[in-house]
Amino acid sequence: QVQLVESGGDSVQAGASLRLSCAVSGLIGGIDRHGWYRQSPGKQRELVALDTRIGDVHYADFARGRFAISSDNANNVVVLQMNNLKLEDTAVYYCHVWSGAKDFWGHGIQVTVSS
């Protein structure tokens, strides 16, 4: 059974940093691509960052320059480093991985940014 377990969410003040991690287990194959998405109340889920693992990394405009996506391939952990957090970054963050023809979502983790 594939499991994605996110951690690192917290309630922080604007300007702070957080590091989200997503531990992936149960995959038969490796991770082909991984990404982070977020969803704020009343809004659709949106892409934050995507790493194709073939040299392409994509960031949403709001994330570029503040967030960084990375991975620990040996341990199947994907990471989102978030710096200079803003009030509008408050959302539930989800990790998403692709392996072969399948994709998998984490359950989401809350990030709350206050003034």
# chains A, B, ... in the order shown; residues from 1 in each chain; ligands from 1
call {"tool": "select_by_dssp", "arguments": {"residues": "chain A", "states": "helix (DSSP H, G or I)", "output": "ChimeraX atom specification"}}
result
/A:73-75,87-89
call {"tool": "write_last_selection", "arguments": {"atoms": "N, CA, C and O atoms", "output": "CSV table (one decimal), in the first residue's frame"}}
result
chain,number,residue,atom,x,y,z
A,73,ASN,N,16.2,11.2,-2.7
A,73,ASN,CA,15.8,10.1,-3.4
A,73,ASN,C,16.1,8.8,-2.7
A,73,ASN,O,15.4,7.8,-2.9
A,74,ALA,N,17.2,8.7,-2.0
A,74,ALA,CA,17.6,7.5,-1.3
A,74,ALA,C,16.5,7.1,-0.3
A,74,ALA,O,16.3,5.9,-0.1
A,75,ASN,N,15.8,8.1,0.3
A,75,ASN,CA,14.9,7.8,1.3
A,75,ASN,C,13.4,8.0,0.9
A,75,ASN,O,12.5,7.9,1.7
A,87,LEU,N,0.8,36.0,4.5
A,87,LEU,CA,-0.6,35.6,4.9
A,87,LEU,C,-1.3,34.7,3.9
A,87,LEU,O,-2.0,33.8,4.3
A,88,GLU,N,-1.1,35.1,2.6
A,88,GLU,CA,-1.8,34.4,1.6
A,88,GLU,C,-1.3,33.0,1.3
A,88,GLU,O,-1.8,32.2,0.5
A,89,ASP,N,-0.2,32.6,2.0
A,89,ASP,CA,0.3,31.2,1.9
A,89,ASP,C,-0.5,30.3,2.8
A,89,ASP,O,-0.2,29.1,2.7
call {"tool": "residues_around", "arguments": {"residues": "Ala91 in chain A", "least_positions_apart": "4", "cutoff": "9 Å", "atoms": "only C-alpha atoms", "output": "list in words"}}
result
Arg38, Gln39, Ser40, Pro41, Ile109, Gln110, Val111, Thr112 and Val113 of chain A
call {"tool": "closest_residue", "arguments": {"among": "A:Gln3, A:Ala68, A:Tyr93, A:Val57", "to": "Leu80 in chain A", "atoms": "only C-alpha atoms"}}
result
A:Ala68
call {"tool": "closest_residue", "arguments": {"among": "A:Val24, A:Val77, A:Val2, A:Met82", "to": "Phe62 in chain A", "atoms": "only C-alpha atoms"}}
result
A:Met82
call {"tool": "atom_distance", "arguments": {"atom1": "CA of Val5 in chain A", "atom2": "CA of Ala23 in chain A"}}
result
5.2 Å
call {"tool": "select_by_dssp", "arguments": {"residues": "chain A", "states": "strand (DSSP E or B)", "output": "ChimeraX atom specification"}}
result
/A:3-7,11-13,18-25,33-39,46-51,57-59,67-72,77-82,91-99,102-105,109-114
call {"tool": "atom_distance", "arguments": {"atom1": "CA of Ile31 in chain A", "atom2": "CA of Asn76 in chain A"}}
result
7.6 Å
call {"tool": "closest_residue", "arguments": {"among": "A:Ser70, A:Thr52, A:Gln13, A:Thr90", "to": "Asp32 in chain A", "atoms": "only C-alpha atoms"}}
result
A:Thr52
call {"tool": "closest_residue", "arguments": {"among": "A:His96, A:Arg45, A:His58, A:Lys102", "to": "Glu6 in chain A", "atoms": "only C-alpha atoms"}}
result
A:His96
call {"tool": "residues_around", "arguments": {"residues": "Gln1 in chain A", "least_positions_apart": "2", "cutoff": "9 Å", "atoms": "only C-alpha atoms", "output": "ChimeraX atom specification"}}
result
/A:3,25-27
